[in-house]
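**Student:** What follows is entry21.cif; its format and atoms are mmCIF, C-alpha atoms, pLDDT in the B column; chains and numbers go by the auth columns.
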data_work
#
loop_
_atom_site.group_PDB
_atom_site.id
_atom_site.type_symbol
_atom_site.label_atom_id
_atom_site.label_comp_id
_atom_site.label_asym_id
_atom_site.label_seq_id
_atom_site.Cartn_x
_atom_site.Cartn_y
_atom_site.Cartn_z
_atom_site.B_iso_or_equiv
_atom_site.auth_seq_id
_atom_site.auth_asym_id
ATOM 1 C CA PRO A 1 41.983 51.259 2.321 48.00 55 A
ATOM 2 C CA GLN A 2 45.559 50.169 2.672 48.00 56 A
ATOM 3 C CA SER A 3 46.346 47.124 4.804 43.00 57 A
ATOM 4 C CA HIS A 4 48.861 47.371 7.644 45.00 58 A
ATOM 5 C CA MET A 5 49.660 43.681 7.392 41.00 59 A
ATOM 6 C CA PRO A 6 53.149 42.655 6.277 41.00 60 A
ATOM 7 C CA ASN A 7 53.572 41.054 2.883 42.00 61 A
ATOM 8 C CA LEU A 8 52.941 37.332 3.371 40.00 62 A
ATOM 9 C CA ASP A 9 53.788 36.045 -0.080 42.00 63 A
ATOM 10 C CA PRO A 10 54.334 32.285 -0.167 41.00 64 A
ATOM 11 C CA VAL A 11 57.949 31.264 0.064 41.00 65 A
ATOM 12 C CA ALA A 12 59.254 28.491 -2.150 41.00 66 A
ATOM 13 C CA LEU A 13 60.665 25.777 0.063 40.00 67 A
ATOM 14 C CA ASP A 14 63.764 23.897 -1.004 43.00 68 A
ATOM 15 C CA ASP A 15 62.912 20.181 -0.784 46.00 69 A
ATOM 16 C CA SER A 16 66.456 19.006 -1.415 47.00 70 A
ATOM 17 C CA ARG A 17 68.026 17.050 1.380 46.00 71 A
ATOM 18 C CA PRO A 18 71.604 17.534 2.556 46.00 72 A
ATOM 19 C CA VAL A 19 74.304 15.221 1.334 44.00 73 A
ATOM 20 C CA ARG A 20 75.626 12.883 4.019 46.00 74 A
ATOM 21 C CA VAL A 21 78.985 13.929 5.418 47.00 75 A
ATOM 22 C CA ILE A 22 80.941 11.720 7.797 46.00 76 A
ATOM 23 C CA ASP A 23 81.239 13.731 10.989 49.00 77 A
ATOM 24 C CA ASP A 24 84.622 14.007 12.696 48.00 78 A
ATOM 25 C CA ALA A 25 83.011 12.465 15.770 48.00 79 A
ATOM 26 C CA PHE A 26 82.726 9.144 13.912 50.00 80 A
ATOM 27 C CA ASP A 27 85.598 6.752 14.239 53.00 81 A
ATOM 28 C CA ASP A 28 87.622 6.330 11.010 53.00 82 A
ATOM 29 C CA ALA A 29 87.222 2.552 11.262 52.00 83 A
ATOM 30 C CA ALA A 30 83.429 2.869 11.480 51.00 84 A
ATOM 31 C CA ALA A 31 83.435 5.210 8.477 52.00 85 A
ATOM 32 C CA ALA A 32 85.562 2.755 6.462 52.00 86 A
ATOM 33 C CA LYS A 33 83.229 -0.108 7.420 52.00 87 A
ATOM 34 C CA THR A 34 80.212 1.964 6.373 50.00 88 A
ATOM 35 C CA ARG A 35 81.688 2.633 2.931 55.00 89 A
ATOM 36 C CA SER A 36 82.329 -1.096 2.420 57.00 90 A
ATOM 37 C CA LEU A 37 78.749 -2.188 3.270 65.00 91 A
ATOM 38 C CA THR A 38 76.024 -2.658 0.732 84.00 92 A
ATOM 39 C CA ALA A 39 73.158 -0.180 0.919 86.00 93 A
ATOM 40 C CA PRO A 40 70.010 -1.201 2.804 90.00 94 A
ATOM 41 C CA VAL A 41 67.129 -2.499 0.662 91.00 95 A
ATOM 42 C CA CYS A 42 63.395 -1.814 0.998 92.00 96 A
ATOM 43 C CA PHE A 43 60.720 -4.155 -0.313 91.00 97 A
ATOM 44 C CA MET A 44 57.053 -3.179 -0.517 92.00 98 A
ATOM 45 C CA ARG A 45 54.110 -5.416 -1.402 91.00 99 A
ATOM 46 C CA PRO A 46 53.180 -5.017 -5.080 88.00 100 A
ATOM 47 C CA ASP A 47 49.468 -5.028 -4.174 87.00 101 A
ATOM 48 C CA LEU A 48 49.805 -2.093 -1.764 82.00 102 A
ATOM 49 C CA ALA A 49 46.511 -0.265 -1.232 81.00 103 A
ATOM 50 C CA PRO A 50 46.200 3.037 -3.117 78.00 104 A
ATOM 51 C CA GLY A 51 47.602 5.932 -1.111 80.00 105 A
ATOM 52 C CA LEU A 52 49.664 3.851 1.325 85.00 106 A
ATOM 53 C CA ALA A 53 52.931 4.813 -0.380 88.00 107 A
ATOM 54 C CA THR A 54 52.030 8.415 0.476 92.00 108 A
ATOM 55 C CA PRO A 55 50.565 8.059 3.970 93.00 109 A
ATOM 56 C CA ARG A 56 49.237 10.932 6.016 94.00 110 A
ATOM 57 C CA ILE A 57 51.434 9.808 8.931 94.00 111 A
ATOM 58 C CA ALA A 58 54.384 7.440 9.217 95.00 112 A
ATOM 59 C CA VAL A 59 55.328 6.295 12.718 96.00 113 A
ATOM 60 C CA VAL A 60 58.950 5.105 12.660 95.00 114 A
ATOM 61 C CA ALA A 61 60.117 3.216 15.754 94.00 115 A
ATOM 62 C CA PHE A 62 63.860 2.647 16.074 91.00 116 A
ATOM 63 C CA GLY A 63 65.300 -0.086 18.269 87.00 117 A
ATOM 64 C CA PRO A 64 63.761 -2.921 20.233 86.00 118 A
ATOM 65 C CA HIS A 65 62.161 -0.761 22.946 88.00 119 A
ATOM 66 C CA SER A 66 60.333 1.626 20.618 92.00 120 A
ATOM 67 C CA SER A 67 59.329 -1.279 18.380 92.00 121 A
ATOM 68 C CA ALA A 68 57.873 -3.134 21.365 91.00 122 A
ATOM 69 C CA TYR A 69 55.840 -0.005 22.134 93.00 123 A
ATOM 70 C CA VAL A 70 54.296 0.166 18.639 93.00 124 A
ATOM 71 C CA HIS A 71 53.570 -3.584 18.706 92.00 125 A
ATOM 72 C CA ALA A 72 51.663 -3.039 21.971 93.00 126 A
ATOM 73 C CA ARG A 73 50.008 0.272 20.997 92.00 127 A
ATOM 74 C CA PHE A 74 48.758 -0.437 17.450 91.00 128 A
ATOM 75 C CA ASP A 75 46.694 -3.228 15.922 93.00 129 A
ATOM 76 C CA LEU A 76 49.401 -3.608 13.291 90.00 130 A
ATOM 77 C CA GLY A 77 47.515 -5.513 10.649 87.00 131 A
ATOM 78 C CA PRO A 78 49.292 -6.843 7.594 88.00 132 A
ATOM 79 C CA CYS A 79 52.983 -6.430 6.923 92.00 133 A
ATOM 80 C CA VAL A 80 53.226 -4.372 3.729 94.00 134 A
ATOM 81 C CA GLY A 81 57.004 -4.111 3.462 93.00 135 A
ATOM 82 C CA CYS A 82 60.399 -4.388 5.107 93.00 136 A
ATOM 83 C CA VAL A 83 63.816 -2.750 5.153 93.00 137 A
ATOM 84 C CA LEU A 84 66.815 -5.067 5.129 89.00 138 A
ATOM 85 C CA ALA A 85 70.224 -3.899 6.296 88.00 139 A
ATOM 86 C CA PRO A 86 73.076 -6.200 5.224 87.00 140 A
ATOM 87 C CA GLU A 87 74.865 -5.882 8.574 86.00 141 A
ATOM 88 C CA VAL A 88 71.885 -7.274 10.528 85.00 142 A
ATOM 89 C CA ASP A 89 71.921 -11.014 11.206 83.00 143 A
ATOM 90 C CA THR A 90 68.437 -12.322 10.462 81.00 144 A
ATOM 91 C CA ARG A 91 69.101 -15.962 11.320 84.00 145 A
ATOM 92 C CA GLY A 92 66.450 -17.167 13.724 82.00 146 A
ATOM 93 C CA ASN A 93 63.757 -14.791 12.472 83.00 147 A
ATOM 94 C CA ARG A 94 60.285 -16.259 12.122 84.00 148 A
ATOM 95 C CA ILE A 95 58.380 -16.651 8.855 79.00 149 A
ATOM 96 C CA GLU A 96 55.537 -14.439 10.111 82.00 150 A
ATOM 97 C CA PRO A 97 56.535 -10.974 11.412 81.00 151 A
ATOM 98 C CA SER A 98 57.270 -11.041 15.124 82.00 152 A
ATOM 99 C CA ALA A 99 58.296 -8.446 17.701 82.00 153 A
ATOM 100 C CA HIS A 100 61.215 -10.736 18.572 84.00 154 A
ATOM 101 C CA ASP A 101 62.825 -10.715 15.113 85.00 155 A
ATOM 102 C CA ALA A 102 65.922 -8.741 14.160 88.00 156 A
ATOM 103 C CA ALA A 103 64.040 -7.112 11.297 90.00 157 A
ATOM 104 C CA CYS A 104 62.378 -3.921 10.129 93.00 158 A
ATOM 105 C CA TYR A 105 58.742 -4.394 9.189 94.00 159 A
ATOM 106 C CA ILE A 106 56.347 -1.867 7.671 95.00 160 A
ATOM 107 C CA PHE A 107 52.735 -2.292 8.772 95.00 161 A
ATOM 108 C CA ALA A 108 49.384 -0.812 7.789 94.00 162 A
ATOM 109 C CA PRO A 109 47.531 -0.652 11.130 93.00 163 A
ATOM 110 C CA ARG A 110 43.923 -1.777 11.207 92.00 164 A
ATOM 111 C CA GLY A 111 41.242 0.834 11.819 89.00 165 A
ATOM 112 C CA VAL A 112 43.354 3.811 10.683 87.00 166 A
ATOM 113 C CA GLU A 113 43.565 5.064 7.120 87.00 167 A
ATOM 114 C CA LYS A 114 46.702 6.337 5.395 91.00 168 A
ATOM 115 C CA VAL A 115 49.010 5.531 8.318 93.00 169 A
ATOM 116 C CA LEU A 116 52.099 3.326 8.178 94.00 170 A
ATOM 117 C CA VAL A 117 54.047 2.009 11.156 96.00 171 A
ATOM 118 C CA VAL A 118 57.711 1.160 10.607 96.00 172 A
ATOM 119 C CA ALA A 119 59.124 -1.057 13.368 95.00 173 A
ATOM 120 C CA CYS A 120 62.921 -1.139 13.024 93.00 174 A
ATOM 121 C CA GLN A 121 63.560 -3.827 15.624 91.00 175 A
ATOM 122 C CA TYR A 122 67.346 -3.816 15.359 87.00 176 A
ATOM 123 C CA ASP A 123 69.798 -1.199 16.532 84.00 177 A
ATOM 124 C CA LEU A 124 70.878 1.021 13.669 83.00 178 A
ATOM 125 C CA ALA A 125 74.435 2.377 13.774 84.00 179 A
ATOM 126 C CA PRO A 126 74.501 6.195 13.544 84.00 180 A
ATOM 127 C CA GLU A 127 76.763 6.107 10.500 86.00 181 A
ATOM 128 C CA ARG A 128 74.196 3.913 8.677 86.00 182 A
ATOM 129 C CA ALA A 129 71.118 5.966 9.583 88.00 183 A
ATOM 130 C CA TYR A 130 71.242 8.311 6.577 90.00 184 A
ATOM 131 C CA ALA A 131 71.445 5.486 3.999 91.00 185 A
ATOM 132 C CA TRP A 132 68.672 3.606 5.825 91.00 186 A
ATOM 133 C CA CYS A 133 66.366 6.647 5.849 91.00 187 A
ATOM 134 C CA GLU A 134 67.064 7.420 2.178 93.00 188 A
ATOM 135 C CA VAL A 135 66.045 3.885 1.190 93.00 189 A
ATOM 136 C CA LEU A 136 62.826 4.126 3.205 93.00 190 A
ATOM 137 C CA ARG A 137 62.016 7.596 1.812 92.00 191 A
ATOM 138 C CA ALA A 138 62.476 6.281 -1.730 92.00 192 A
ATOM 139 C CA HIS A 139 59.499 3.952 -1.093 92.00 193 A
ATOM 140 C CA ILE A 140 57.184 5.965 1.156 93.00 194 A
ATOM 141 C CA ASP A 141 56.547 9.701 1.177 93.00 195 A
ATOM 142 C CA PRO A 142 54.504 10.628 4.268 94.00 196 A
ATOM 143 C CA GLU A 143 52.992 14.054 4.918 95.00 197 A
ATOM 144 C CA ARG A 144 54.218 13.825 8.521 95.00 198 A
ATOM 145 C CA THR A 145 56.635 11.513 10.316 95.00 199 A
ATOM 146 C CA ILE A 146 56.696 10.634 13.999 95.00 200 A
ATOM 147 C CA ILE A 147 60.018 9.207 15.215 94.00 201 A
ATOM 148 C CA LEU A 148 60.157 6.998 18.310 93.00 202 A
ATOM 149 C CA ASP A 149 63.567 6.146 19.718 89.00 203 A
ATOM 150 C CA ALA A 150 65.063 5.271 23.079 79.00 204 A
ATOM 151 C CA GLN A 151 67.784 7.196 24.861 73.00 205 A
ATOM 152 C CA PRO A 152 70.921 5.127 25.381 68.00 206 A
ATOM 153 C CA THR A 153 71.683 4.323 28.987 65.00 207 A
ATOM 154 C CA HIS A 154 75.045 5.363 30.355 61.00 208 A
ATOM 155 C CA GLY A 155 76.325 3.987 33.545 57.00 209 A
#
If you convert what's in this file into structure tokens, what do you get?
**Tutor:**
Amino acid sequence: PQSHMPNLDPVALDDSRPVRVIDDAFDDAAAAKTRSLTAPVCFMRPDLAPGLATPRIAVVAFGPHSSAYVHARFDLGPCVGCVLAPEVDTRGNRIEPSAHDAACYIFAPRGVEKVLVVACQYDLAPERAYAWCEVLRAHIDPERTIILDAQPTHG
């Protein structure tokens, strides 16, 4: 008997990511400043538990409001890494990770396996977002990513 189902052969997916292009909407001065800045840097603990570099889920919270939400929602557990952006002033940050710091911490929440929470507690300029994400993706490779961000207020 012949099947009436369409051919569902697997399709090879292209995993390459697009190259960053400065959009015309960005101010020329902001683009020039972006080119002159050093790339963000990611540090991960050398004793990271097996499998945490390839978590099942990564929850990435951008900005102080979304970061405050993940601090309240998750039992964050140990800090396993951080992302440093050279344009962010970290003077006044505490020695232990705090929700009040201008920092980006990577946590392994307690009670959940293979999940990382990234709390980027500073505002990230749109023209820096691609470089920031590339640095993070070079260190963690989640199966799925959940992005939390706040809408800017206009008024």
**Student:** Please determine, counting all atoms listed in the file, which residue among A:Cys158, A:Met98, A:Ile194, A:Val134 has the shortest atom-to-atom distance to Ala115 of chain A.
**Tutor:** A:Cys158
**Student:** With 4 Å added on each side, what axis-aligned box encloses every listed atom of segment 130-135 of chain A? Give the centre and edge lengths in Å to one decimal, as JSON.
**Tutor:**
{"center_x": 52.3, "center_y": -5.2, "center_z": 8.4, "size_x": 17.5, "size_y": 11.2, "size_z": 17.8}
**Student:** The PyMOL selection byres ((chain A and resi 113) around 12) on the file shown: which residues, as a PDB file with C-alpha atoms, in the frame of the given file?
**Tutor:**
ATOM      1  CA  PRO A 109      50.565   8.059   3.970  1.00 93.00           C
ATOM      2  CA  ARG A 110      49.237  10.932   6.016  1.00 94.00           C
ATOM      3  CA  ILE A 111      51.434   9.808   8.931  1.00 94.00           C
ATOM      4  CA  ALA A 112      54.384   7.440   9.217  1.00 95.00           C
ATOM      5  CA  VAL A 114      58.950   5.105  12.660  1.00 95.00           C
ATOM      6  CA  ALA A 115      60.117   3.216  15.754  1.00 94.00           C
ATOM      7  CA  PHE A 116      63.860   2.647  16.074  1.00 91.00           C
ATOM      8  CA  SER A 120      60.333   1.626  20.618  1.00 92.00           C
ATOM      9  CA  SER A 121      59.329  -1.279  18.380  1.00 92.00           C
ATOM     10  CA  TYR A 123      55.840  -0.005  22.134  1.00 93.00           C
ATOM     11  CA  VAL A 124      54.296   0.166  18.639  1.00 93.00           C
ATOM     12  CA  HIS A 125      53.570  -3.584  18.706  1.00 92.00           C
ATOM     13  CA  ARG A 127      50.008   0.272  20.997  1.00 92.00           C
ATOM     14  CA  PHE A 128      48.758  -0.437  17.450  1.00 91.00           C
ATOM     15  CA  LEU A 130      49.401  -3.608  13.291  1.00 90.00           C
ATOM     16  CA  TYR A 159      58.742  -4.394   9.189  1.00 94.00           C
ATOM     17  CA  ILE A 160      56.347  -1.867   7.671  1.00 95.00           C
ATOM     18  CA  PHE A 161      52.735  -2.292   8.772  1.00 95.00           C
ATOM     19  CA  ALA A 162      49.384  -0.812   7.789  1.00 94.00           C
ATOM     20  CA  PRO A 163      47.531  -0.652  11.130  1.00 93.00           C
ATOM     21  CA  LYS A 168      46.702   6.337   5.395  1.00 91.00           C
ATOM     22  CA  VAL A 169      49.010   5.531   8.318  1.00 93.00           C
ATOM     23  CA  LEU A 170      52.099   3.326   8.178  1.00 94.00           C
ATOM     24  CA  VAL A 171      54.047   2.009  11.156  1.00 96.00           C
ATOM     25  CA  VAL A 172      57.711   1.160  10.607  1.00 96.00           C
ATOM     26  CA  ALA A 173      59.124  -1.057  13.368  1.00 95.00           C
ATOM     27  CA  CYS A 174      62.921  -1.139  13.024  1.00 93.00           C
ATOM     28  CA  ILE A 194      57.184   5.965   1.156  1.00 93.00           C
ATOM     29  CA  PRO A 196      54.504  10.628   4.268  1.00 94.00           C
ATOM     30  CA  GLU A 197      52.992  14.054   4.918  1.00 95.00           C
ATOM     31  CA  ARG A 198      54.218  13.825   8.521  1.00 95.00           C
ATOM     32  CA  THR A 199      56.635  11.513  10.316  1.00 95.00           C
ATOM     33  CA  ILE A 200      56.696  10.634  13.999  1.00 95.00           C
ATOM     34  CA  ILE A 201      60.018   9.207  15.215  1.00 94.00           C
ATOM     35  CA  LEU A 202      60.157   6.998  18.310  1.00 93.00           C
ATOM     36  CA  ASP A 203      63.567   6.146  19.718  1.00 89.00           C
TER      37      ASP A 203
END
**Student:** Quick check, in Å to one decimal: how far apart do atom CA of Arg145 of chain A and atom CA of Leu102 of chain A lie?
**Tutor:** 27.1 Å
**Student:** Record the distance separating atom CA of Asp101 of chain A and atom CA of Cys133 of chain A, expressed in Å with one decimal.
**Tutor:**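 Calculated distance between atom CA of Asp101 of chain A and atom CA of Cys133 of chain A is 11.7 Å.
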